[in-house]
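Undergrad: Just run22.cif, nothing more (mmCIF, C-alpha atoms):
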```cif
data_start
#
loop_
_atom_site.label_atom_id
_atom_site.label_comp_id
_atom_site.auth_asym_id
_atom_site.auth_seq_id
_atom_site.Cartn_x
_atom_site.Cartn_y
_atom_site.Cartn_z
CA MET I 11 -24.05 -21.52 77.42
CA VAL I 12 -20.88 -23.56 76.82
CA ALA I 13 -20.84 -26.45 74.40
CA SER I 14 -20.37 -29.86 76.04
CA THR I 15 -17.34 -31.87 75.08
CA ALA I 16 -16.68 -35.54 74.60
CA PRO I 17 -13.75 -37.29 76.33
CA GLY I 18 -10.60 -35.85 74.78
CA GLY I 19 -11.90 -32.29 74.71
CA LYS I 20 -13.69 -32.42 71.34
CA PRO I 21 -17.19 -30.88 71.07
CA ARG I 22 -20.00 -33.43 71.15
CA GLN I 23 -21.73 -34.02 67.82
CA PRO I 24 -25.52 -33.61 67.87
CA SER I 25 -27.48 -36.75 67.12
CA LEU I 26 -30.08 -37.10 64.38
CA SER I 27 -32.69 -37.69 67.06
CA GLN I 28 -31.82 -34.35 68.66
CA LEU I 29 -31.95 -32.55 65.30
CA ARG I 30 -35.27 -34.18 64.43
CA ALA I 31 -36.75 -33.13 67.78
CA PHE I 32 -35.53 -29.55 67.40
CA ALA I 33 -36.80 -29.29 63.79
CA ALA I 34 -40.24 -30.50 64.91
CA VAL I 35 -40.42 -27.93 67.71
CA ALA I 36 -39.20 -25.19 65.35
CA GLU I 37 -42.03 -26.05 62.96
CA GLN I 38 -44.83 -26.55 65.50
CA LEU I 39 -43.70 -24.07 68.20
CA HIS I 40 -45.43 -26.41 70.64
CA PHE I 41 -43.82 -29.33 72.48
CA ARG I 42 -46.91 -31.56 72.60
CA ASP I 43 -47.71 -31.06 68.90
CA ALA I 44 -44.06 -31.54 67.94
CA ALA I 45 -43.84 -34.78 69.92
CA ALA I 46 -46.99 -36.11 68.24
CA ALA I 47 -45.71 -35.13 64.79
CA ILE I 48 -42.58 -37.31 65.08
CA GLY I 49 -43.96 -40.06 67.31
CA MET I 50 -41.86 -39.22 70.37
CA SER I 51 -42.95 -38.76 73.95
CA GLN I 52 -43.00 -35.17 75.15
CA PRO I 53 -40.40 -35.73 77.92
CA ALA I 54 -38.07 -37.46 75.46
CA LEU I 55 -38.48 -34.61 72.98
CA SER I 56 -37.78 -31.97 75.63
CA GLY I 57 -34.70 -33.88 76.74
CA ALA I 58 -33.44 -34.19 73.17
CA VAL I 59 -33.77 -30.44 72.55
CA ALA I 60 -32.05 -29.64 75.85
CA ALA I 61 -29.22 -32.05 74.99
CA LEU I 62 -28.84 -30.37 71.59
CA GLU I 63 -28.61 -26.94 73.22
CA GLU I 64 -25.92 -28.28 75.55
CA ALA I 65 -24.00 -29.92 72.71
CA LEU I 66 -24.06 -26.74 70.61
CA GLY I 67 -23.56 -24.34 73.47
CA VAL I 68 -26.39 -22.03 72.39
CA GLN I 69 -29.95 -21.44 73.53
CA LEU I 70 -32.29 -22.46 70.70
CA LEU I 71 -35.68 -21.82 72.30
CA GLU I 72 -37.30 -19.30 74.58
CA ARG I 73 -39.73 -21.18 76.81
CA THR I 74 -42.62 -19.50 78.59
CA THR I 75 -45.58 -20.99 80.42
CA ARG I 76 -47.83 -20.43 77.43
CA LYS I 77 -45.74 -20.77 74.26
CA VAL I 78 -42.42 -21.59 72.68
CA LEU I 79 -40.39 -19.14 70.59
CA LEU I 80 -37.23 -19.59 68.57
CA SER I 81 -34.24 -17.60 69.79
CA PRO I 82 -32.24 -15.67 67.16
CA ALA I 83 -29.74 -18.55 67.12
CA GLY I 84 -32.62 -21.02 66.90
CA GLU I 85 -34.00 -19.25 63.81
CA ARG I 86 -30.68 -19.69 62.01
CA LEU I 87 -29.96 -23.22 63.15
CA ALA I 88 -33.47 -24.52 62.41
CA ALA I 89 -32.83 -24.09 58.68
CA ARG I 90 -29.49 -25.92 59.05
CA ALA I 91 -31.14 -28.76 60.95
CA ARG I 92 -33.76 -29.21 58.21
CA THR I 93 -31.01 -29.31 55.56
CA VAL I 94 -29.16 -32.04 57.46
CA LEU I 95 -32.33 -34.11 57.92
CA GLU I 96 -33.25 -33.78 54.24
CA ALA I 97 -29.76 -34.92 53.27
CA VAL I 98 -30.06 -37.96 55.53
CA GLY I 99 -33.47 -38.74 54.05
CA ALA I 100 -31.99 -38.59 50.54
CA LEU I 101 -29.21 -40.95 51.66
CA MET I 102 -31.79 -43.45 52.93
CA ASP I 103 -33.79 -43.18 49.69
CA GLU I 104 -30.63 -43.85 47.69
CA ALA I 105 -29.87 -46.91 49.77
CA GLU I 106 -33.42 -48.23 49.42
CA ALA I 107 -33.38 -47.74 45.66
CA ALA I 108 -30.02 -49.47 45.39
CA ARG I 109 -31.26 -52.55 47.21
CA ALA I 110 -34.01 -53.49 44.77
CA PRO I 111 -36.18 -51.64 42.24
CA PHE I 112 -39.97 -51.74 42.51
CA THR I 113 -39.96 -52.64 46.19
CA GLY I 114 -40.80 -50.58 49.25
CA VAL I 115 -43.08 -47.55 49.26
CA LEU I 116 -43.94 -45.45 46.21
CA ARG I 117 -45.97 -42.34 47.08
CA LEU I 118 -47.87 -41.40 43.91
CA GLY I 119 -49.69 -38.07 43.65
CA VAL I 120 -52.57 -37.84 41.14
CA ILE I 121 -54.79 -34.93 40.09
CA PRO I 122 -58.59 -35.35 40.53
CA THR I 123 -59.33 -35.17 36.78
CA VAL I 124 -57.04 -38.16 36.19
CA ALA I 125 -57.41 -40.34 39.27
CA PRO I 126 -60.84 -41.99 38.67
CA TYR I 127 -60.09 -42.80 35.04
CA LEU I 128 -56.43 -43.93 35.05
CA LEU I 129 -55.96 -45.44 38.50
CA PRO I 130 -57.67 -48.73 37.58
CA THR I 131 -55.02 -49.21 34.87
CA VAL I 132 -52.21 -48.14 37.20
CA LEU I 133 -53.36 -50.45 39.98
CA ARG I 134 -53.73 -53.46 37.67
CA LEU I 135 -50.21 -52.85 36.39
CA VAL I 136 -48.74 -52.61 39.88
CA ARG I 137 -50.56 -55.71 41.16
CA GLY I 138 -49.59 -57.77 38.12
CA ARG I 139 -46.02 -56.64 37.43
CA TYR I 140 -44.76 -55.12 40.70
CA PRO I 141 -46.36 -57.13 43.54
CA LEU I 142 -43.66 -56.06 46.05
CA LEU I 143 -44.28 -52.36 45.45
CA ASP I 144 -46.28 -50.62 48.19
CA LEU I 145 -48.16 -48.02 46.14
CA GLN I 146 -49.66 -45.19 48.20
CA VAL I 147 -51.96 -42.84 46.23
CA HIS I 148 -52.61 -39.20 47.13
CA GLU I 149 -55.27 -37.28 45.16
CA GLU I 150 -54.60 -33.52 45.24
CA GLN I 151 -54.62 -30.50 42.96
CA THR I 152 -51.52 -29.68 40.93
CA ALA I 153 -50.08 -26.97 43.19
CA SER I 154 -50.31 -29.21 46.24
CA LEU I 155 -48.76 -32.13 44.36
CA LEU I 156 -45.79 -30.05 43.21
CA ASP I 157 -45.25 -28.82 46.76
CA GLY I 158 -45.38 -32.41 48.02
CA LEU I 159 -42.83 -33.48 45.41
CA ALA I 160 -40.47 -30.64 46.28
CA GLN I 161 -40.75 -31.32 50.03
CA GLY I 162 -40.20 -35.06 49.63
CA ARG I 163 -43.72 -35.96 50.79
CA LEU I 164 -44.42 -37.50 47.35
CA ASP I 165 -42.13 -39.51 45.06
CA LEU I 166 -43.89 -39.36 41.71
CA LEU I 167 -46.81 -37.45 40.18
CA LEU I 168 -49.39 -38.36 37.54
CA LEU I 169 -50.86 -35.17 36.09
CA ALA I 170 -51.33 -32.86 33.11
CA VAL I 171 -48.29 -31.07 31.68
CA PRO I 172 -46.43 -28.89 30.89
CA LEU I 173 -45.69 -27.76 34.43
CA ALA I 174 -42.87 -25.26 33.93
CA ALA I 175 -41.69 -26.16 37.44
CA PRO I 176 -37.96 -25.89 38.22
CA GLY I 177 -36.31 -29.09 39.40
CA VAL I 178 -39.07 -31.30 37.95
CA VAL I 179 -38.57 -33.82 35.14
CA GLU I 180 -41.60 -34.81 33.04
CA LEU I 181 -42.00 -38.29 31.57
CA PRO I 182 -44.80 -37.97 28.94
CA LEU I 183 -47.28 -40.82 28.71
CA PHE I 184 -50.03 -39.85 26.26
CA ASP I 185 -52.10 -37.10 24.64
CA GLU I 186 -55.89 -37.16 24.81
CA ASP I 187 -58.52 -35.06 23.05
CA PHE I 188 -61.19 -32.99 24.73
CA VAL I 189 -64.81 -33.58 23.74
CA LEU I 190 -67.85 -31.37 24.18
CA VAL I 191 -70.56 -32.74 26.47
CA THR I 192 -74.00 -31.17 25.96
CA PRO I 193 -77.64 -31.71 26.91
CA GLN I 194 -79.28 -34.35 24.74
CA ASP I 195 -81.16 -31.86 22.57
CA HIS I 196 -78.29 -29.40 22.08
CA TRP I 197 -77.52 -28.41 18.48
CA LEU I 198 -73.88 -29.51 18.80
CA GLY I 199 -74.66 -32.88 20.39
CA GLY I 200 -73.62 -35.85 18.26
CA ARG I 201 -71.54 -33.85 15.79
CA SER I 202 -68.06 -35.04 14.83
CA ASP I 203 -66.80 -31.87 13.14
CA ILE I 204 -67.29 -29.11 15.72
CA PRO I 205 -65.07 -26.09 14.97
CA ARG I 206 -63.26 -24.59 17.95
CA ALA I 207 -64.89 -21.26 17.14
CA ALA I 208 -68.18 -22.74 18.39
CA LEU I 209 -66.85 -22.26 21.92
CA LYS I 210 -67.05 -18.48 21.59
CA GLU I 211 -70.60 -18.03 22.81
CA LEU I 212 -71.59 -21.27 24.56
CA ASP I 213 -72.81 -21.34 28.18
CA LEU I 214 -69.70 -23.08 29.47
CA LEU I 215 -69.56 -24.92 32.81
CA LEU I 216 -66.11 -25.29 34.38
CA LEU I 217 -64.46 -26.69 37.49
CA ASP I 218 -63.63 -24.52 40.47
CA GLU I 219 -60.45 -22.45 40.74
CA GLY I 220 -57.33 -24.51 41.36
CA HIS I 221 -58.09 -27.35 38.94
CA CYS I 222 -55.67 -27.46 36.03
CA LEU I 223 -58.49 -28.73 33.79
CA ARG I 224 -60.27 -25.42 34.32
CA ASP I 225 -57.17 -23.53 33.18
CA GLN I 226 -56.77 -25.80 30.16
CA ALA I 227 -60.40 -25.31 29.15
CA LEU I 228 -60.07 -21.54 29.44
CA ASP I 229 -56.91 -21.61 27.32
CA ILE I 230 -58.77 -23.58 24.64
CA CYS I 231 -61.59 -21.05 24.71
CA ARG I 232 -59.19 -18.10 24.41
CA GLU I 233 -57.49 -19.77 21.44
CA ALA I 234 -60.95 -20.15 19.88
CA GLY I 235 -61.52 -16.41 20.21
CA ARG I 236 -63.80 -16.46 23.25
CA THR I 237 -63.84 -13.07 24.96
CA GLU I 238 -63.27 -12.59 28.68
CA GLY I 239 -66.86 -11.44 29.11
CA ALA I 240 -68.50 -14.53 27.59
CA PRO I 241 -70.65 -16.47 30.10
CA VAL I 242 -68.74 -18.97 32.23
CA THR I 243 -70.49 -20.66 35.14
CA THR I 244 -68.20 -22.18 37.75
CA SER I 245 -70.31 -24.44 39.92
CA ALA I 246 -68.54 -27.76 40.42
CA ALA I 247 -65.69 -29.16 42.46
CA GLY I 248 -65.57 -32.36 40.39
CA LEU I 249 -66.33 -33.68 36.93
CA SER I 250 -69.24 -35.83 38.12
CA THR I 251 -71.13 -32.79 39.40
CA LEU I 252 -70.19 -30.82 36.31
CA VAL I 253 -71.71 -33.45 34.03
CA GLN I 254 -74.89 -33.58 36.13
CA LEU I 255 -75.28 -29.84 35.67
CA VAL I 256 -74.97 -30.33 31.91
CA ALA I 257 -77.61 -33.07 32.02
CA GLY I 258 -79.86 -30.61 33.84
CA GLY I 259 -79.62 -28.18 30.92
CA LEU I 260 -77.46 -25.52 32.60
CA GLY I 261 -74.80 -25.45 29.90
CA VAL I 262 -72.07 -27.49 28.21
CA THR I 263 -68.62 -28.59 29.31
CA LEU I 264 -65.32 -29.99 28.06
CA LEU I 265 -64.25 -33.47 29.15
CA PRO I 266 -61.02 -35.37 28.49
CA ARG I 267 -61.64 -38.54 26.49
CA THR I 268 -60.53 -40.83 29.32
CA ALA I 269 -63.33 -39.46 31.53
CA LEU I 270 -66.08 -39.70 28.93
CA ARG I 271 -67.34 -43.26 29.43
CA VAL I 272 -67.41 -43.05 33.22
CA GLU I 273 -69.01 -39.61 33.50
CA THR I 274 -71.58 -39.73 30.69
CA GLY I 275 -72.65 -43.31 31.37
CA ARG I 276 -74.65 -42.19 34.39
CA SER I 277 -77.26 -40.23 32.42
CA ASP I 278 -79.31 -40.61 29.24
CA GLN I 279 -79.82 -36.84 29.09
CA LEU I 280 -76.39 -36.14 27.56
CA ALA I 281 -74.89 -35.97 24.10
CA THR I 282 -71.25 -35.87 23.01
CA GLY I 283 -69.73 -33.76 20.28
CA TYR I 284 -66.26 -34.20 18.79
CA PHE I 285 -64.06 -31.41 17.48
CA ALA I 286 -62.71 -31.20 13.96
CA ASP I 287 -59.00 -32.02 13.64
CA PRO I 288 -56.83 -30.91 15.24
CA ALA I 289 -58.97 -31.33 18.33
CA PRO I 290 -57.97 -29.53 21.54
CA ALA I 291 -56.01 -31.93 23.73
CA ARG I 292 -54.01 -32.29 26.91
CA ARG I 293 -50.86 -34.28 27.70
CA ILE I 294 -50.61 -36.57 30.73
CA ALA I 295 -47.22 -37.42 32.20
CA LEU I 296 -45.37 -38.69 35.21
CA ALA I 297 -43.26 -36.09 37.00
CA MET I 298 -40.30 -36.67 39.32
CA ARG I 299 -37.64 -34.61 41.04
CA ALA I 300 -34.58 -33.92 38.90
CA GLY I 301 -31.82 -36.26 40.05
CA ALA I 302 -34.24 -38.55 41.91
CA ALA I 303 -32.53 -41.58 43.42
CA ARG I 304 -35.06 -43.85 41.72
CA GLN I 305 -34.91 -42.16 38.31
CA GLU I 306 -34.22 -45.36 36.33
CA GLU I 307 -37.03 -47.13 38.16
CA PHE I 308 -39.47 -44.28 37.44
CA GLU I 309 -38.48 -44.22 33.76
CA ALA I 310 -39.14 -47.96 33.53
CA PHE I 311 -42.49 -47.42 35.29
CA ALA I 312 -43.40 -44.77 32.70
CA GLY I 313 -42.61 -47.23 29.91
CA ALA I 314 -44.81 -49.88 31.49
CA LEU I 315 -47.65 -47.37 31.89
CA ARG I 316 -47.45 -46.36 28.22
CA GLU I 317 -47.79 -50.01 27.30
CA ALA I 318 -50.73 -50.58 29.67
CA MET I 319 -52.57 -47.42 28.58
CA GLY I 320 -52.50 -48.31 24.90
CA VAL I 321 -56.06 -49.66 25.20
CA LEU I 322 -57.41 -46.26 26.29
CA PRO I 323 -58.77 -43.62 23.82
CA VAL I 324 -55.43 -41.78 23.82
CA ARG I 325 -52.32 -41.27 21.68
CA ILE I 326 -49.29 -42.80 23.41
CA VAL I 327 -46.17 -40.61 23.46
CA LYS I 328 -42.98 -42.54 22.78
CA GLY I 329 -40.44 -42.32 25.58
#
```
Could you spell out this file's structure in structure tokens?
TA:
Amino acid sequence: MVASTAPGGKPRQPSLSQLRAFAAVAEQLHFRDAAAAIGMSQPALSGAVAALEEALGVQLLERTTRKVLLSPAGERLAARARTVLEAVGALMDEAEAARAPFTGVLRLGVIPTVAPYLLPTVLRLVRGRYPLLDLQVHEEQTASLLDGLAQGRLDLLLLAVPLAAPGVVELPLFDEDFVLVTPQDHWLGGRSDIPRAALKELDLLLLDEGHCLRDQALDICREAGRTEGAPVTTSAAGLSTLVQLVAGGLGVTLLPRTALRVETGRSDQLATGYFADPAPARRIALAMRAGAARQEEFEAFAGALREAMGVLPVRIVKG
């Protein structure tokens, strides 16, 4: 296949539309699914890929009646096409940020053990101070959020740190203590001086695998000297279910302070115990890509959140 040329004998440059069509087909390996993914008609997508092959002078795809495969050249050039499209996306983000801060879309990712308790504060702040900001919230577990940030699907994250993720900048907001939630008649219920060592032998209820709060709770237990063989019952996908299991007498659990009022207010069969100082705690932060086009805007947003969250049962971290 020979590359097409523009008048004057110079090779034709591929268009962004052609690259976007090819990248979608390379990802989906199906013309109909690729067309749907980028909002293009299937004939237009097929034509764009064919025009790209003509412009480059190489066959990118192997078409059969049943499936689509990448040619060897297509495998190599698909990665190049994605790089070009990501660079163009970054250019558009830069231009949008330069036009006006706190306008346009902000895609915020939030972990499930933060979202129900902090989002009311976040939403009030955005409505009151940034009315032109189109905040779009995505609740996902930490690993999914970090992937979304790296891929450009998300702009900013609200989650527990540290993350130890390369290319991610953390903007700390506050520290909050963990408390022990027990059945009403439990011997530790209502105490304000619980030693961490008490966690060694308790029937502990935790969230399912994948929740960072589960990992934090296990770390606290290990620091307290709890052995790997001590009973741990994992039965809940969310904190609400976890607390109901405690109310039913199946064990105890650890809750962050910001979740306490919401989750324990639904039952009169619960008691709360507080740890002796220093209590186990977690840190909540915003996280953004290193070198983000909207870095100054995100830093200002973090400052506004610290101010707004001062009324919560937390210790604000100075920026």
Undergrad: If we count only C-alpha atoms and set the cut-off at 12 Å, which residues sit around segment 59-68 of chain I, ignoring sequence neighbours fewer than 4 positions away in its own chain? Please answer as a ChimeraX atom specification.
TA: /I:11-16,20-36,41,44-45,52-55,72-73,80-88,91
Undergrad: Could you write out that same residue set with C-alpha atoms as a short mmCIF file (atom, residue, chain, number, x, y, z; two decimals), in the frame of the given file?
TA:
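What follows is the written file part.cif:
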```
data_model
loop_
_atom_site.label_atom_id
_atom_site.label_comp_id
_atom_site.auth_asym_id
_atom_site.auth_seq_id
_atom_site.Cartn_x
_atom_site.Cartn_y
_atom_site.Cartn_z
CA MET I 11 -24.05 -21.52 77.42
CA VAL I 12 -20.88 -23.56 76.82
CA ALA I 13 -20.84 -26.45 74.40
CA SER I 14 -20.37 -29.86 76.04
CA THR I 15 -17.34 -31.87 75.08
CA ALA I 16 -16.68 -35.54 74.60
CA LYS I 20 -13.69 -32.42 71.34
CA PRO I 21 -17.19 -30.88 71.07
CA ARG I 22 -20.00 -33.43 71.15
CA GLN I 23 -21.73 -34.02 67.82
CA PRO I 24 -25.52 -33.61 67.87
CA SER I 25 -27.48 -36.75 67.12
CA LEU I 26 -30.08 -37.10 64.38
CA SER I 27 -32.69 -37.69 67.06
CA GLN I 28 -31.82 -34.35 68.66
CA LEU I 29 -31.95 -32.55 65.30
CA ARG I 30 -35.27 -34.18 64.43
CA ALA I 31 -36.75 -33.13 67.78
CA PHE I 32 -35.53 -29.55 67.40
CA ALA I 33 -36.80 -29.29 63.79
CA ALA I 34 -40.24 -30.50 64.91
CA VAL I 35 -40.42 -27.93 67.71
CA ALA I 36 -39.20 -25.19 65.35
CA PHE I 41 -43.82 -29.33 72.48
CA ALA I 44 -44.06 -31.54 67.94
CA ALA I 45 -43.84 -34.78 69.92
CA GLN I 52 -43.00 -35.17 75.15
CA PRO I 53 -40.40 -35.73 77.92
CA ALA I 54 -38.07 -37.46 75.46
CA LEU I 55 -38.48 -34.61 72.98
CA GLU I 72 -37.30 -19.30 74.58
CA ARG I 73 -39.73 -21.18 76.81
CA LEU I 80 -37.23 -19.59 68.57
CA SER I 81 -34.24 -17.60 69.79
CA PRO I 82 -32.24 -15.67 67.16
CA ALA I 83 -29.74 -18.55 67.12
CA GLY I 84 -32.62 -21.02 66.90
CA GLU I 85 -34.00 -19.25 63.81
CA ARG I 86 -30.68 -19.69 62.01
CA LEU I 87 -29.96 -23.22 63.15
CA ALA I 88 -33.47 -24.52 62.41
CA ALA I 91 -31.14 -28.76 60.95
#
```
Undergrad: To one decimal place, how far is atom CA of Gly261 of chain I from atom CA of Thr123 of chain I in Å?
TA: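 Going from atom CA of Gly261 of chain I over to atom CA of Thr123 of chain I covers 19.5 Å.
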Undergrad: Per residue of segment 154-186 of chain I within 12 Å of segment 125-132 of chain I, note the shortest atom pair and the distance in Å to one decimal, counting all atoms listed in the file, and order the rows by chain and increasing residue number, as CSV.
TA:
```
residue,atom,partner,partner_atom,distance
I:Leu167,CA,I:Ala125,CA,11.0
I:Leu168,CA,I:Ala125,CA,8.4
I:Leu169,CA,I:Ala125,CA,8.9
I:Ala170,CA,I:Ala125,CA,11.4
I:Leu183,CA,I:Leu128,CA,11.6
I:Phe184,CA,I:Leu128,CA,11.6
```
Undergrad: Report the residues retrieved by the PyMOL selection byres ((chain I and resi 111) around 9) from the displayed file, expressed as a compact mmCIF listing (two decimals) with C-alpha atoms, in the frame of the given file.
TA:
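For reference, result_39.txt as written:
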```
# COMPACT_ATOMS: atom_id res chain seq x y z
CA GLU I 106 -33.42 -48.23 49.42
CA ALA I 107 -33.38 -47.74 45.66
CA ALA I 108 -30.02 -49.47 45.39
CA ARG I 109 -31.26 -52.55 47.21
CA ALA I 110 -34.01 -53.49 44.77
CA PHE I 112 -39.97 -51.74 42.51
CA THR I 113 -39.96 -52.64 46.19
CA GLY I 114 -40.80 -50.58 49.25
CA LEU I 143 -44.28 -52.36 45.45
CA ARG I 304 -35.06 -43.85 41.72
CA GLU I 306 -34.22 -45.36 36.33
CA GLU I 307 -37.03 -47.13 38.16
```
Undergrad: Applying the PyMOL selection byres ((chain I and resi 293) around 12) to the file I just gave you, which residues come out? Please list them as a ChimeraX atom specification.
TA: /I:124,168-173,180-188,222-223,226,266-268,290-292,294-296,324-327
Undergrad: Work out how far atom CA of Ala257 of chain I is from atom CA of Ser277 of chain I, in Å to one decimal.
TA: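 Straight-line distance from atom CA of Ser277 of chain I to atom CA of Ala257 of chain I works out to 7.2 Å.
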Undergrad: Find the residue from I:Leu164, I:Ala314, I:Ile204, I:Ile121 that sits nearest to Pro288 of chain I; use all atoms listed in the file when measuring.
TA: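 Closest to Pro288 of chain I, using all atoms listed in the file: I:Ile204.
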Undergrad: Dump as a ChimeraX atom specification all residues having an atom at most 12 Å from (-70.7, -34.7, 8.9), computed in the file's coordinates with only C-alpha atoms.
TA: /I:198,200-205,283-286
Undergrad: Calculate how many Å separate atom CA of Val321 of chain I from atom CA of Gln194 of chain I, rounding to one decimal.
TA: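 Straight-line distance from atom CA of Val321 of chain I to atom CA of Gln194 of chain I works out to 27.8 Å.
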Undergrad: Running the PyMOL selection byres ((chain I and resi 259) around 9) on this model by hand, what would come out? Give it as a compact mmCIF listing (two decimals) with C-alpha atoms, in the coordinates of the input.
TA:
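The result, stored in out-v1.txt:
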```txt
# COMPACT_ATOMS: atom_id res chain seq x y z
CA THR I 192 -74.00 -31.17 25.96
CA PRO I 193 -77.64 -31.71 26.91
CA GLN I 194 -79.28 -34.35 24.74
CA GLN I 254 -74.89 -33.58 36.13
CA LEU I 255 -75.28 -29.84 35.67
CA VAL I 256 -74.97 -30.33 31.91
CA ALA I 257 -77.61 -33.07 32.02
CA GLY I 258 -79.86 -30.61 33.84
CA LEU I 260 -77.46 -25.52 32.60
CA GLY I 261 -74.80 -25.45 29.90
CA VAL I 262 -72.07 -27.49 28.21
CA GLN I 279 -79.82 -36.84 29.09
```
Undergrad: Taking all atoms listed in the file into account, which of I:Leu264, I:Ala105, I:Pro141, I:Asp287 comes nearest Ala227 of chain I?
TA: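 With all atoms listed in the file as the atom set, the closest residue is I:Leu264.
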Undergrad: Any idea what's packed within 10 Å of Tyr140 of chain I, counting only C-alpha atoms, ignoring anything in its chain fewer than 4 positions away? Could you give it as a PyMOL selection string?
TA: chain I and resi 111-113+133-136+144-145+311
Undergrad: Kindly add N, CA and C atoms to the incomplete segment 84-98 of chain I and provide the output as a CSV table (one decimal), in the frame of the given file.
TA:
```
chain,number,residue,atom,x,y,z
I,84,GLY,N,-31.7,-19.9,67.3
I,84,GLY,CA,-32.6,-21.0,66.9
I,84,GLY,C,-33.2,-20.8,65.5
I,85,GLU,N,-33.5,-19.6,65.2
I,85,GLU,CA,-34.0,-19.2,63.8
I,85,GLU,C,-33.0,-19.7,62.8
I,86,ARG,N,-31.7,-19.4,63.0
I,86,ARG,CA,-30.7,-19.7,62.0
I,86,ARG,C,-30.4,-21.2,62.0
I,87,LEU,N,-30.3,-21.8,63.1
I,87,LEU,CA,-30.0,-23.2,63.2
I,87,LEU,C,-31.1,-24.2,62.8
I,88,ALA,N,-32.3,-23.7,62.8
I,88,ALA,CA,-33.5,-24.5,62.4
I,88,ALA,C,-33.4,-24.9,60.9
I,89,ALA,N,-33.0,-23.9,60.1
I,89,ALA,CA,-32.8,-24.1,58.7
I,89,ALA,C,-31.7,-25.1,58.4
I,90,ARG,N,-30.6,-25.0,59.2
I,90,ARG,CA,-29.5,-25.9,59.0
I,90,ARG,C,-29.9,-27.3,59.4
I,91,ALA,N,-30.7,-27.4,60.5
I,91,ALA,CA,-31.1,-28.8,61.0
I,91,ALA,C,-32.0,-29.4,59.9
I,92,ARG,N,-32.9,-28.7,59.3
I,92,ARG,CA,-33.8,-29.2,58.2
I,92,ARG,C,-32.9,-29.7,57.0
I,93,THR,N,-31.9,-28.9,56.7
I,93,THR,CA,-31.0,-29.3,55.6
I,93,THR,C,-30.3,-30.6,55.9
I,94,VAL,N,-29.8,-30.8,57.1
I,94,VAL,CA,-29.2,-32.0,57.5
I,94,VAL,C,-30.1,-33.2,57.4
I,95,LEU,N,-31.3,-33.0,57.9
I,95,LEU,CA,-32.3,-34.1,57.9
I,95,LEU,C,-32.8,-34.5,56.5
I,96,GLU,N,-32.9,-33.5,55.6
I,96,GLU,CA,-33.2,-33.8,54.2
I,96,GLU,C,-32.1,-34.6,53.6
I,97,ALA,N,-30.9,-34.2,53.9
I,97,ALA,CA,-29.8,-34.9,53.3
I,97,ALA,C,-29.7,-36.4,53.7
I,98,VAL,N,-30.0,-36.6,55.0
I,98,VAL,CA,-30.1,-38.0,55.5
I,98,VAL,C,-31.2,-38.7,54.9
```
